[in-house]
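File shown: start_36.pdb (PDB, C-alpha atoms and all ligand atoms).
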ATOM      1  CA  MET A   1     146.402 114.644  76.849
ATOM      2  CA  SER A   2     143.483 113.207  74.842
ATOM      3  CA  LEU A   3     143.621 110.045  76.975
ATOM      4  CA  LEU A   4     143.010 112.188  80.040
ATOM      5  CA  ILE A   5     139.927 113.729  78.394
ATOM      6  CA  VAL A   6     138.618 110.262  77.464
ATOM      7  CA  ARG A   7     139.114 109.114  81.052
ATOM      8  CA  LEU A   8     137.333 112.227  82.293
ATOM      9  CA  VAL A   9     134.390 111.653  79.915
ATOM     10  CA  VAL A  10     134.156 107.985  80.965
ATOM     11  CA  PHE A  11     134.250 109.013  84.624
ATOM     12  CA  VAL A  12     131.509 111.598  84.100
ATOM     13  CA  LEU A  13     129.378 109.079  82.182
ATOM     14  CA  LEU A  14     129.801 106.471  84.921
ATOM     15  CA  PHE A  15     128.961 109.040  87.577
ATOM     16  CA  TRP A  16     125.896 110.154  85.615
ATOM     17  CA  ALA A  17     124.731 106.556  85.099
ATOM     18  CA  GLY A  18     125.202 105.815  88.790
ATOM     19  CA  PHE A  19     123.274 108.940  89.704
ATOM     20  CA  ARG A  20     120.414 107.961  87.397
ATOM     21  CA  ILE A  21     120.309 104.451  88.907
ATOM     22  CA  TRP A  22     120.296 105.980  92.387
ATOM     23  CA  GLN A  23     117.451 108.326  91.365
ATOM     24  CA  PHE A  24     115.533 105.370  89.914
ATOM     25  CA  TRP A  25     115.955 103.419  93.172
ATOM     26  CA  GLN A  26     114.849 106.376  95.293
ATOM     27  CA  ALA A  27     111.731 106.838  93.155
ATOM     28  CA  LYS A  28     110.958 103.118  93.329
ATOM     29  CA  GLN A  29     111.275 103.017  97.113
ATOM     30  CA  GLN A  30     109.129 106.112  97.602
ATOM     31  CA  LEU A  31     106.221 104.806  95.490
ATOM     32  CA  PRO A  32     104.391 102.809  98.203
ATOM     33  CA  GLY A  33     104.567 105.736 100.647
ATOM     34  CA  ASP A  34     103.122 108.141  98.084
ATOM     35  CA  LYS A  35      99.844 106.260  97.920
ATOM     36  CA  PRO A  36      97.049 108.344  99.468
ATOM     37  CA  SER A  37      95.301 105.172 100.666
ATOM     38  CA  ASN A  38      97.147 105.016 103.964
ATOM     39  CA  GLN A  39      94.081 103.557 105.672
ATOM     40  CA  ASN A  40      93.899 100.640 103.240
ATOM     41  CA  GLN A  41      97.588 100.038 103.765
ATOM     42  CA  ALA A  42      97.097  99.946 107.536
ATOM     43  CA  ASN A  43      94.182  97.530 107.176
ATOM     44  CA  SER A  44      96.177  95.174 104.977
ATOM     45  CA  GLU A  45      98.897  95.001 107.639
ATOM     46  CA  ILE A  46      96.501  93.475 110.174
ATOM     47  CA  MET A  47      97.524  89.842 110.562
ATOM     48  CA  VAL A  48      94.836  87.186 110.604
ATOM     49  CA  ARG A  49      95.117  83.426 111.051
ATOM     50  CA  CYS A  50      93.953  80.728 108.679
ATOM     51  CA  GLU A  51      91.483  78.546 110.590
ATOM     52  CA  LYS A  52      92.629  75.479 108.677
ATOM     53  CA  CYS A  53      96.443  75.537 108.751
ATOM     54  CA  LYS A  54      96.926  78.253 111.453
ATOM     55  CA  VAL A  55      99.272  80.244 109.211
ATOM     56  CA  HIS A  56      99.313  84.016 109.723
ATOM     57  CA  LEU A  57      98.806  86.277 106.734
ATOM     58  CA  PRO A  58      97.796  89.902 106.056
ATOM     59  CA  GLN A  59      94.062  90.508 106.226
ATOM     60  CA  GLY A  60      94.176  92.013 102.738
ATOM     61  CA  SER A  61      95.294  88.736 101.154
ATOM     62  CA  ALA A  62      93.165  86.473 103.377
ATOM     63  CA  ILE A  63      89.787  85.010 102.417
ATOM     64  CA  LYS A  64      87.078  86.023 104.876
ATOM     65  CA  ALA A  65      84.200  83.623 105.532
ATOM     66  CA  GLY A  66      81.948  84.889 108.282
ATOM     67  CA  GLU A  67      84.176  85.420 111.313
ATOM     68  CA  GLU A  68      86.888  83.067 110.043
ATOM     69  CA  TYR A  69      89.844  83.830 107.799
ATOM     70  CA  PHE A  70      91.583  81.450 105.405
ATOM     71  CA  CYS A  71      94.850  81.570 103.467
ATOM     72  CA  CYS A  72      93.295  80.059 100.338
ATOM     73  CA  ARG A  73      89.984  78.933  98.857
ATOM     74  CA  GLU A  74      90.887  75.237  99.335
ATOM     75  CA  HIS A  75      91.306  75.661 103.090
ATOM     76  CA  GLN A  76      88.044  77.565 103.314
ATOM     77  CA  GLU A  77      86.174  74.798 101.490
ATOM     78  CA  SER A  78      87.769  71.956 103.453
ATOM     79  CA  PHE A  79      87.123  73.773 106.746
ATOM     80  CA  GLU A  80      83.436  74.214 105.884
ATOM     81  CA  LYS A  81      83.133  70.506 105.033
ATOM     82  CA  GLU A  82      84.417  69.441 108.453
TER      83      GLU A  82
HETATM   84 ZN    ZN A 101      95.452  77.667 105.349
END

What is this file in structure tokens?
Amino acid sequence: MSLLIVRLVVFVLLFWAGFRIWQFWQAKQQLPGDKPSNQNQANSEIMVRCEKCKVHLPQGSAIKAGEEYFCCREHQESFEKE
């Protein structure tokens, strides 16, 4: 009989742990959507092209130099030298 109780306790603990992990995952996935800066998020999703290597990257992580965009400082510098 005590074995049954132990099994029940283990089952409840496993269920509780799984529920907590699920809650943790839900909270983690909801974090980006909770940000009030929806406009900044939309702006960062605009894709721009590096003038040097033609790779596409989000505007937020691109380096802007005048009207041109670059993926990194090195490409910006080498493009300006040409
Ligand atoms: Zn580049």

Which residue of A:Ile63, A:Ala27, A:Cys72, A:Trp16 approaches ligand ZN 101 (chain A) most closely, using all atoms listed in the file: A:Cys72

Taking the file as shown, find all residues satisfying the PyMOL selection byres (((not hetatm)) within 8 of (chain A and resi 101)) and write them as a PyMOL selection string. chain A and resi 50-55+70-72+74-76

Residue selection dump (C-alpha atoms) as a compact mmCIF listing (two decimals), in the frame of the given file:
# COMPACT_ATOMS: atom_id res chain seq x y z
CA CYS A 50 93.95 80.73 108.68
CA GLU A 51 91.48 78.55 110.59
CA LYS A 52 92.63 75.48 108.68
CA CYS A 53 96.44 75.54 108.75
CA LYS A 54 96.93 78.25 111.45
CA VAL A 55 99.27 80.24 109.21
CA PHE A 70 91.58 81.45 105.40
CA CYS A 71 94.85 81.57 103.47
CA CYS A 72 93.30 80.06 100.34
CA GLU A 74 90.89 75.24 99.34
CA HIS A 75 91.31 75.66 103.09
CA GLN A 76 88.04 77.56 103.31

Å distance separating atom CA of A:Ala62 from atom CA of A:Glu77, one decimal place: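 Atom CA of A:Glu77 lies 13.7 Å from atom CA of A:Ala62.
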
Applying 12 Å and all atoms listed in the file, which residues near A:Ser61 remain after dropping the ones on its own chain fewer than 4 positions away? List them as a PyMOL selection string. chain A and resi 41+43-50+56-57+69-73

Mind giving me the axis-aligned box for stretch 54-67 of chain A with 6 Å on every side, centre plus edges in Å to one decimal, as JSON?
{"center_x": 90.6, "center_y": 85.1, "center_z": 106.3, "size_x": 29.4, "size_y": 25.8, "size_z": 22.3}

Go ahead and compute the interatomic distance for atom CA of A:Lys64 and atom CA of A:Glu82, in Å to one decimal.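 Rounded to one decimal, the two atoms are 17.2 Å apart.
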